[in-house]
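A.B. asks: After the structure tokens below, expect a handful of questions from me.
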Amino acid sequence: GSATEKAIQFYRSCMDTQRIESQGTQPLKDLLNQVGGWNITGVGKAKDFNETLQTLMSRYSTFPFFRVHVGPSPFDLKANIIQIDHPEFEMPLESKFKDKNYLEVTYQRLKKGKIAIWCRDLLELPPGSKWSFSVGYVVTPLQERRQRGMLFFRTTIRELQEKAPAIDWLSCLQAVFHPMPMNLSQPIAVHDMDYLRGMSQLIEQWHKERVLHIYMIVCLVGNLSPALDSRFQDARLELSKILYGKKGSRMIPAERWRKCLTDTSSFFEPVLGQMIVQEIFPQQTKTLAEQMFSEIQDALYGQLDQLEWMDEQTRQEAKVLVSKLQVEIGYPAHILQTAKVNLEYQNLEINEDTFFLNVVACLKVLRENSYLKLLQHHSQDNWHVSPWAVHSYYSMRHHMVVFPAGMFRSPFFHMEFPSAVNFGAIGVFMAHELLHTFYGYVLPGGCPSCNRSALQKSIDCLVEQYESYDFKVNGTFTLLENTADTGGLAIAYQAYKNWLKKHKEKDLPKTGLSHDQLFY
């Protein structure tokens with residue numbers, strides 16, 4: 001079937017809660033027996049540590065000790081590179097449970113429910129074991145890494161093997177990126193080398209204990225538990241509330257359809273993107289949005305001519321910068337290429353009767369497709385957001401602004417809205433992102449030929465304005481966003497005034513509001 005048909009089947013299997021409940025824990029038991037088992041399954045013998053780790057990473061996208069993904073290289077703007085970072089810990093690194101064992105906390109929550117039998121094995125951990133917390137403690141905080149200039153560490157598999165020898169790095173990465181050939185000279189970008197060293201030492205310390213295997217199985221169960229019956233969902237929600245407070249209850253969708261839509265979009269993003277674009281983003285919407293952005297660009301050119309602190313050479317350079325900006329509106333072009341999307345999912349088999357196995361199959365296909373990213377140049381078509389997202393952004397790396405189709409909906413935009421409303425809503429977002437291209441000028445030393453005293457006067461005025469509000473705002477800390485907000489409003493308003501010279505405005509007489517009032 002087509003990728004669209006598979007996405008629909010996947011969604012239906014997720015919505016079939018009656019079948020999911022009837023299957024219970026059996027699908028998970030069968031899977032655990034394939035990876036060395038867990039005592040409670042009654043079958044299996046724990047495999048070699050690195051062999052189990054490779055299986056979890058390659059088949060089930062489960063990364064207990066470190067996370068592997070392909071991303072844009074920080075060292076080559078046009079290339080992708082293998083990146084390694086610490087895993088996404090279930091336990092918050094700053095938690096009121098930091099003096100307890102995460103596995104013990106998990107057990108205490110789950111044993112009150114109906115799946116205690118699945119957790120009793122956790123009590124057999126060595127007394128007072130702090131394994132999972134020890135892993136969390138060796139993470140270098142992002143702020144510290146930034147201050148020390150350690151956001152990325154360029155290395156190879158050979159060097160990584162020397163620094164963190166407990167992991168068989170070559171075999172692990174060969175498993176993840178099969179069938180791509182991999183050797184010891186393969187370049188890698190490491191986010192936190194100190195963490196990998198510490199993690200390796202902990203693994204060597206616990207190598208003879210069952211705790212490593214149990215921890216990996218716990219991570220696997222945690223990763224796959226969203227595909228299981230309601231007992232697991234209740235336990236996940238309860239644990240999330242305990243660990244994260246009120247925010248935890250919002251991390252798991254309450255409505256089943258919402259959860260299933262989220263799960264489907266995570267595996268079938270280009271498919272859902274195509275369906276949504278065809279439904280909500282016709283060509284006339286895209287055309288009007290592009291015309292509005294062009295008007296906003298022209299308004300910015302006019303504003304640049306009025307800046308007292310900018311010298312003439314810098315002014316011309318700024319205009320060139322704006323003219324070279326790549327503008328992406330609605331969706332990346334490749335999602336409408338149905339044949340290409342179908343090819344991406346051709347090896348995926350979906351069965352409406354088994355949601356759990358569908359999730360496992362999707363994880364496998366995602367892994368199989370990941371190696372293709374390494375063979376490709378980093379594409380500007382790879383957006384950071386989905387087409388249905390209500391979130392625009394500016395990419396400094398690509399000098400590109402992105403406005404997904406999801407933003408061109410009420411209340412931000414509508415083809416039948418007066419232009420005042422469209423410019424006052426989506427137009428302000430457009431101008432805001434456009435102004436992000438000038439961050440460098442505002443920062444200290446960013447414009448050496450500019451009139452720094454005049455620029456500083458404008459900066460001080462904006463800082464004072466935001467710090468004068470009743471709610472506490474650090475005007476210096478939020479300066480760049482405040483500049484884009486305030487400047488974006490002024491530019492969008494000027495663009496609207498320019499637009500009126502060429503287009504007739506619609507009235508909303510029943511509101512009793514003028515066009516300017518509608519804009520604001």
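Following the order of the structure tokens, first chain is A, next is B, and so on, with residues numbered from 1 inside each chain and ligands from 1 in the order they appear.
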Write out as a PDB file with N, CA and C atoms, in the first residue's frame each polymer residue whose atoms come within 9 Å of range 509-518 of chain A, counting only C-alpha atoms; drop sequence neighbours fewer than 6 positions from it.

C.D. replies:
ATOM      1  N   PRO A 418      -9.707  41.186   6.851  1.00  0.00           N
ATOM      2  CA  PRO A 418      -9.145  42.450   6.356  1.00  0.00           C
ATOM      3  C   PRO A 418      -7.622  42.392   6.420  1.00  0.00           C
ATOM      4  N   SER A 419      -6.956  43.087   5.517  1.00  0.00           N
ATOM      5  CA  SER A 419      -5.487  43.087   5.511  1.00  0.00           C
ATOM      6  C   SER A 419      -4.927  43.575   6.832  1.00  0.00           C
ATOM      7  N   ALA A 420      -5.665  44.468   7.508  1.00  0.00           N
ATOM      8  CA  ALA A 420      -5.205  44.991   8.799  1.00  0.00           C
ATOM      9  C   ALA A 420      -5.006  43.857   9.798  1.00  0.00           C
ATOM     10  N   VAL A 421      -5.912  42.892   9.808  1.00  0.00           N
ATOM     11  CA  VAL A 421      -5.818  41.775  10.745  1.00  0.00           C
ATOM     12  C   VAL A 421      -4.653  40.861  10.359  1.00  0.00           C
ATOM     13  N   GLY A 424      -1.414  42.618  11.102  1.00  0.00           N
ATOM     14  CA  GLY A 424      -1.245  42.798  12.535  1.00  0.00           C
ATOM     15  C   GLY A 424      -0.972  41.501  13.275  1.00  0.00           C
ATOM     16  N   TYR A 493       3.454  47.291  10.531  1.00  0.00           N
ATOM     17  CA  TYR A 493       2.497  48.392  10.399  1.00  0.00           C
ATOM     18  C   TYR A 493       2.806  49.233   9.165  1.00  0.00           C
TER      19      TYR A 493
END

A.B. asks: Which residues come within 10 Å of Ser323 in chain A, counting only C-alpha atoms, excluding same-chain residues fewer than 6 positions away, as number ranges by chain?

C.D. replies: A: 297-298, 301, 317

A.B. asks: Hey, which of A:Tyr441, A:Phe66, A:Tyr244, A:Phe403 ends up closest to Cys219 in chain A? Count only C-alpha atoms.

C.D. replies: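 Closest candidate: A:Phe66.
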
A.B. asks: With a distance cut-off of 9 Å and only C-alpha atoms, select the neighbouring residues of Leu462 in chain A, excluding the residue or stretch itself and same-chain residues fewer than 5 positions from it, and output the selection as a compact mmCIF listing (two decimals) with N, CA and C atoms, in the first residue's frame.

C.D. replies:
# COMPACT_ATOMS: atom_id res chain seq x y z
N LYS A 457 22.17 54.32 22.74
CA LYS A 457 21.05 55.11 23.25
C LYS A 457 19.72 54.42 22.94
N GLU A 467 11.83 47.02 31.21
CA GLU A 467 12.01 46.86 32.66
C GLU A 467 11.06 47.76 33.45
N GLY A 475 15.59 43.46 30.89
CA GLY A 475 15.59 44.03 29.55
C GLY A 475 16.86 43.76 28.77
N THR A 476 17.98 43.59 29.47
CA THR A 476 19.24 43.29 28.79
C THR A 476 19.26 41.85 28.32
N LEU A 479 16.97 41.36 25.31
CA LEU A 479 17.12 42.45 24.34
C LEU A 479 16.85 42.01 22.90
N ASN A 482 13.23 41.29 22.30
CA ASN A 482 12.47 42.54 22.43
C ASN A 482 12.65 43.42 21.21
N THR A 483 13.87 43.42 20.68
CA THR A 483 14.16 44.19 19.47
C THR A 483 13.32 43.68 18.30
N THR A 486 9.45 44.57 19.05
CA THR A 486 9.11 45.99 18.88
C THR A 486 9.34 46.45 17.44

A.B. asks: Find the residues near range 380-397 of chain A: any atom within 8 Å, counting only C-alpha atoms, skip ones fewer than 6 places away on the same chain, and give them as a tab-separated table (two decimals) with C-alpha atoms, in the first residue's frame.

C.D. replies:
chain	number	residue	atom	x	y	z
A	77	LEU	CA	27.88	23.69	6.85
A	269	GLU	CA	5.55	13.27	9.33
A	273	GLY	CA	2.36	17.00	6.22
A	276	ILE	CA	-2.61	18.70	5.97
A	277	VAL	CA	-1.11	20.98	3.32
A	330	GLY	CA	3.93	26.58	4.02
A	331	TYR	CA	5.88	23.36	3.56
A	332	PRO	CA	9.16	21.89	2.28
A	333	ALA	CA	8.79	21.01	-1.40
A	334	HIS	CA	9.66	17.32	-1.02
A	403	PHE	CA	6.71	29.92	8.22
A	404	PRO	CA	4.86	26.57	8.27
A	405	ALA	CA	1.32	26.16	6.95
A	406	GLY	CA	-0.02	25.81	10.49
A	407	MET	CA	0.60	29.52	11.08
A	429	PHE	CA	5.60	37.28	13.04
A	433	GLU	CA	11.81	36.63	12.08
A	434	LEU	CA	13.18	38.97	9.45
A	436	HIS	CA	16.60	38.12	13.56
A	437	THR	CA	18.99	38.48	10.63

A.B. asks: So how far away is CA of Val68 in chain A from CA of Leu170 in chain A, in Å?

C.D. replies: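 Interatomic distance here is 12.7 Å.
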
A.B. asks: Point out the residue among A:Ser200, A:Asn358, A:Thr285, A:Ser453 with the least atom-to-atom distance to Asp168 in chain A, counting only C-alpha atoms.

C.D. replies: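 Closest to Asp168 in chain A, using only C-alpha atoms: A:Ser200.
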
A.B. asks: Taking the backbone alone, and naming residues the way the document does, which bits of range 352-404 of chain A are helix (DSSP H, G or I) by DSSP, as a PyMOL selection string?

C.D. replies: chain A and resi 355-375

A.B. asks: One decimal, in Å: what's the spacing between CA of Leu366 in chain A and CA of Val327 in chain A?

C.D. replies: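 Interatomic distance here is 28.8 Å.
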
A.B. asks: So which residues of range 252-355 of chain A fall under strand (DSSP E) by DSSP, listed as a list in words?

C.D. replies: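 Checking each residue of range 252-355 of chain A, the strand (DSSP E) ones are Gln326, Val327, Glu328, Ile329 and Gly330 of chain A.
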
A.B. asks: At a cut-off of 10 Å, using only C-alpha atoms, what residues contact Asp229 in chain A? Leave out same-chain residues fewer than 2 positions from it and give the result as an mmCIF file with all heavy atoms, in the first residue's frame.

C.D. replies:
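out-v5.cif, written as the output of this step:
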data_model
loop_
_atom_site.group_PDB
_atom_site.id
_atom_site.type_symbol
_atom_site.label_atom_id
_atom_site.label_comp_id
_atom_site.auth_asym_id
_atom_site.auth_seq_id
_atom_site.Cartn_x
_atom_site.Cartn_y
_atom_site.Cartn_z
ATOM 1 N N THR A 17 -8.323 0.381 21.073
ATOM 2 C CA THR A 17 -7.929 0.124 22.462
ATOM 3 C C THR A 17 -8.449 -1.216 22.970
ATOM 4 O O THR A 17 -7.822 -1.837 23.835
ATOM 5 C CB THR A 17 -8.437 1.255 23.376
ATOM 6 O OG1 THR A 17 -9.844 1.413 23.192
ATOM 7 C CG2 THR A 17 -7.747 2.563 23.053
ATOM 8 N N GLN A 18 -9.562 -1.679 22.439
ATOM 9 C CA GLN A 18 -10.113 -2.971 22.876
ATOM 10 C C GLN A 18 -9.131 -4.102 22.573
ATOM 11 O O GLN A 18 -8.876 -4.969 23.416
ATOM 12 C CB GLN A 18 -11.458 -3.236 22.199
ATOM 13 C CG GLN A 18 -12.143 -4.518 22.681
ATOM 14 C CD GLN A 18 -13.535 -4.690 22.080
ATOM 15 O OE1 GLN A 18 -14.052 -3.792 21.436
ATOM 16 N NE2 GLN A 18 -14.122 -5.852 22.280
ATOM 17 N N ARG A 19 -8.566 -4.064 21.376
ATOM 18 C CA ARG A 19 -7.606 -5.107 20.992
ATOM 19 C C ARG A 19 -6.308 -4.963 21.793
ATOM 20 O O ARG A 19 -5.701 -5.953 22.209
ATOM 21 C CB ARG A 19 -7.317 -5.035 19.491
ATOM 22 C CG ARG A 19 -6.510 -6.225 18.966
ATOM 23 C CD ARG A 19 -6.285 -6.078 17.475
ATOM 24 N NE ARG A 19 -7.526 -6.105 16.727
ATOM 25 C CZ ARG A 19 -8.124 -7.218 16.293
ATOM 26 N NH1 ARG A 19 -7.589 -8.392 16.569
ATOM 27 N NH2 ARG A 19 -9.230 -7.146 15.592
ATOM 28 N N ILE A 20 -5.867 -3.707 22.004
ATOM 29 C CA ILE A 20 -4.645 -3.459 22.776
ATOM 30 C C ILE A 20 -4.791 -3.994 24.192
ATOM 31 O O ILE A 20 -3.884 -4.628 24.750
ATOM 32 C CB ILE A 20 -4.307 -1.955 22.786
ATOM 33 C CG1 ILE A 20 -3.930 -1.486 21.379
ATOM 34 C CG2 ILE A 20 -3.174 -1.648 23.761
ATOM 35 C CD1 ILE A 20 -3.803 0.018 21.235
ATOM 36 N N GLU A 21 -5.965 -3.775 24.801
ATOM 37 C CA GLU A 21 -6.217 -4.259 26.166
ATOM 38 C C GLU A 21 -6.240 -5.785 26.201
ATOM 39 O O GLU A 21 -5.717 -6.400 27.137
ATOM 40 C CB GLU A 21 -7.541 -3.699 26.689
ATOM 41 C CG GLU A 21 -7.573 -2.188 26.873
ATOM 42 C CD GLU A 21 -6.604 -1.698 27.929
ATOM 43 O OE1 GLU A 21 -6.414 -2.399 28.946
ATOM 44 O OE2 GLU A 21 -6.004 -0.625 27.726
ATOM 45 N N SER A 22 -6.828 -6.391 25.197
ATOM 46 C CA SER A 22 -6.950 -7.857 25.189
ATOM 47 C C SER A 22 -5.585 -8.521 25.022
ATOM 48 O O SER A 22 -5.354 -9.620 25.553
ATOM 49 C CB SER A 22 -7.903 -8.309 24.075
ATOM 50 O OG SER A 22 -7.350 -8.034 22.800
ATOM 51 N N GLN A 23 -4.684 -7.887 24.286
ATOM 52 C CA GLN A 23 -3.349 -8.456 24.085
ATOM 53 C C GLN A 23 -2.474 -8.286 25.328
ATOM 54 O O GLN A 23 -1.540 -9.065 25.543
ATOM 55 C CB GLN A 23 -2.671 -7.802 22.866
ATOM 56 C CG GLN A 23 -3.343 -8.180 21.554
ATOM 57 C CD GLN A 23 -2.811 -7.387 20.382
ATOM 58 O OE1 GLN A 23 -2.168 -6.361 20.548
ATOM 59 N NE2 GLN A 23 -3.089 -7.862 19.172
ATOM 60 N N GLY A 24 -2.763 -7.285 26.134
ATOM 61 C CA GLY A 24 -2.065 -7.100 27.402
ATOM 62 C C GLY A 24 -0.557 -7.006 27.253
ATOM 63 O O GLY A 24 -0.044 -6.317 26.366
ATOM 64 N N THR A 25 0.156 -7.743 28.112
ATOM 65 C CA THR A 25 1.627 -7.654 28.137
ATOM 66 C C THR A 25 2.304 -8.671 27.228
ATOM 67 O O THR A 25 3.522 -8.667 27.119
ATOM 68 C CB THR A 25 2.139 -7.878 29.562
ATOM 69 O OG1 THR A 25 1.676 -9.157 30.026
ATOM 70 C CG2 THR A 25 1.652 -6.790 30.499
ATOM 71 N N SER A 225 6.581 1.383 26.148
ATOM 72 C CA SER A 225 5.369 1.359 26.971
ATOM 73 C C SER A 225 4.208 2.188 26.417
ATOM 74 O O SER A 225 3.047 1.831 26.631
ATOM 75 C CB SER A 225 5.684 1.816 28.405
ATOM 76 O OG SER A 225 6.115 3.165 28.432
ATOM 77 N N PRO A 226 4.451 3.291 25.675
ATOM 78 C CA PRO A 226 3.303 4.020 25.105
ATOM 79 C C PRO A 226 2.465 3.177 24.147
ATOM 80 O O PRO A 226 1.328 3.532 23.850
ATOM 81 C CB PRO A 226 3.962 5.200 24.375
ATOM 82 C CG PRO A 226 5.247 5.418 25.104
ATOM 83 C CD PRO A 226 5.710 4.039 25.471
ATOM 84 N N ALA A 227 3.017 2.047 23.666
ATOM 85 C CA ALA A 227 2.277 1.200 22.731
ATOM 86 C C ALA A 227 1.535 0.078 23.443
ATOM 87 O O ALA A 227 0.926 -0.760 22.775
ATOM 88 C CB ALA A 227 3.241 0.603 21.702
ATOM 89 N N ARG A 231 -2.848 -0.017 31.631
ATOM 90 C CA ARG A 231 -2.123 -0.116 32.891
ATOM 91 C C ARG A 231 -0.774 0.581 32.795
ATOM 92 O O ARG A 231 -0.331 1.257 33.721
ATOM 93 C CB ARG A 231 -1.930 -1.586 33.282
ATOM 94 C CG ARG A 231 -3.230 -2.338 33.540
ATOM 95 C CD ARG A 231 -2.980 -3.821 33.669
ATOM 96 N NE ARG A 231 -2.421 -4.395 32.443
ATOM 97 C CZ ARG A 231 -1.952 -5.637 32.349
ATOM 98 N NH1 ARG A 231 -1.959 -6.433 33.414
ATOM 99 N NH2 ARG A 231 -1.480 -6.087 31.211
ATOM 100 N N PHE A 232 -0.129 0.417 31.650
ATOM 101 C CA PHE A 232 1.154 1.071 31.438
ATOM 102 C C PHE A 232 0.973 2.581 31.282
ATOM 103 O O PHE A 232 1.803 3.367 31.743
ATOM 104 C CB PHE A 232 1.850 0.488 30.208
ATOM 105 C CG PHE A 232 2.417 -0.884 30.424
ATOM 106 C CD1 PHE A 232 1.624 -2.013 30.288
ATOM 107 C CD2 PHE A 232 3.749 -1.052 30.777
ATOM 108 C CE1 PHE A 232 2.140 -3.280 30.497
ATOM 109 C CE2 PHE A 232 4.278 -2.319 30.980
ATOM 110 C CZ PHE A 232 3.477 -3.431 30.845
ATOM 111 N N GLN A 233 -0.100 2.994 30.627
ATOM 112 C CA GLN A 233 -0.337 4.425 30.433
ATOM 113 C C GLN A 233 -0.623 5.106 31.765
ATOM 114 O O GLN A 233 -0.150 6.211 32.031
ATOM 115 C CB GLN A 233 -1.493 4.656 29.462
ATOM 116 C CG GLN A 233 -1.386 3.905 28.132
ATOM 117 C CD GLN A 233 0.025 3.881 27.558
ATOM 118 O OE1 GLN A 233 0.690 4.915 27.448
ATOM 119 N NE2 GLN A 233 0.497 2.702 27.198
ATOM 120 N N ASP A 234 -1.399 4.421 32.619
ATOM 121 C CA ASP A 234 -1.685 4.972 33.950
ATOM 122 C C ASP A 234 -0.409 5.101 34.769
ATOM 123 O O ASP A 234 -0.209 6.088 35.480
ATOM 124 C CB ASP A 234 -2.689 4.073 34.684
ATOM 125 C CG ASP A 234 -4.070 4.075 34.038
ATOM 126 O OD1 ASP A 234 -4.339 5.002 33.244
ATOM 127 O OD2 ASP A 234 -4.863 3.160 34.320
ATOM 128 N N PHE A 356 1.359 -2.566 18.918
ATOM 129 C CA PHE A 356 2.690 -2.693 19.500
ATOM 130 C C PHE A 356 3.719 -3.065 18.434
ATOM 131 O O PHE A 356 4.777 -2.436 18.331
ATOM 132 C CB PHE A 356 2.681 -3.738 20.620
ATOM 133 C CG PHE A 356 4.010 -3.923 21.299
ATOM 134 C CD1 PHE A 356 4.414 -3.096 22.337
ATOM 135 C CD2 PHE A 356 4.880 -4.939 20.897
ATOM 136 C CE1 PHE A 356 5.646 -3.257 22.959
ATOM 137 C CE2 PHE A 356 6.104 -5.113 21.511
ATOM 138 C CZ PHE A 356 6.490 -4.277 22.549
#

A.B. asks: Using only C-alpha atoms for the distances, tell me which of A:Ile84, A:Val218, A:Leu173, A:Leu228 is nearest to Tyr195 in chain A.

C.D. replies: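 Of A:Ile84, A:Val218, A:Leu173, A:Leu228, the one nearest Tyr195 in chain A is A:Ile84, counting only C-alpha atoms.
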
A.B. asks: Work out how far apart CA of Ser294 in chain A and CA of Phe413 in chain A are and give it in Å to one decimal.

C.D. replies: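 Distance reported for this atom pair: 16.2 Å.
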
A.B. asks: Go through A:Val35, A:Leu239, A:Leu336, A:Met415 and flag the residue nearest Leu272 in chain A, using only C-alpha atoms for the distances.

C.D. replies: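 Of A:Val35, A:Leu239, A:Leu336, A:Met415, the one nearest Leu272 in chain A, counting only C-alpha atoms, is A:Leu336.
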
A.B. asks: I'd like the contact shell of Phe268 in chain A - 9 Å cut-off, only C-alpha atoms, skipping same-chain residues fewer than 6 positions apart - returned as a ChimeraX atom specification.

C.D. replies: /A:3-4,6-7,345

A.B. asks: Could you please take those selected residues and save N, CA and C atoms as a short mmCIF file (atom, residue, chain, number, x, y, z; two decimals), in the first residue's frame?

C.D. replies:
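Saved file again.cif follows:
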data_model
loop_
_atom_site.label_atom_id
_atom_site.label_comp_id
_atom_site.auth_asym_id
_atom_site.auth_seq_id
_atom_site.Cartn_x
_atom_site.Cartn_y
_atom_site.Cartn_z
N ALA A 3 2.15 5.08 1.31
CA ALA A 3 2.53 5.61 2.63
C ALA A 3 1.31 6.16 3.35
N THR A 4 0.41 6.79 2.62
CA THR A 4 -0.81 7.33 3.23
C THR A 4 -1.67 6.22 3.81
N LYS A 6 -0.68 3.32 4.85
CA LYS A 6 0.01 2.76 6.02
C LYS A 6 -0.15 3.68 7.23
N ALA A 7 -0.11 4.97 7.00
CA ALA A 7 -0.29 5.92 8.11
C ALA A 7 -1.69 5.79 8.70
N TYR A 345 8.76 4.60 2.66
CA TYR A 345 8.03 3.66 3.52
C TYR A 345 7.76 2.32 2.84
#

A.B. asks: Residues at most 9 Å from Asn342 in chain A, counting only C-alpha atoms, excluding those fewer than 2 positions away in the same chain, as JSON, numbers by chain?

C.D. replies: {"A": [1, 2, 3, 4, 271, 337, 338, 339, 340, 344, 345, 346]}

A.B. asks: Return the single residue from A:Trp206, A:Phe75, A:Trp257, A:Phe438 that is closest to Gly487 in chain A, with distances computed using only C-alpha atoms.

C.D. replies: A:Phe438

A.B. asks: Which is closer to Ala189 in chain A than all the others in A:Leu160, A:Ala235, A:Ala495, A:Cys447, using only C-alpha atoms?

C.D. replies: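 Residue with the minimum atom-to-atom distance to Ala189 in chain A: A:Leu160.
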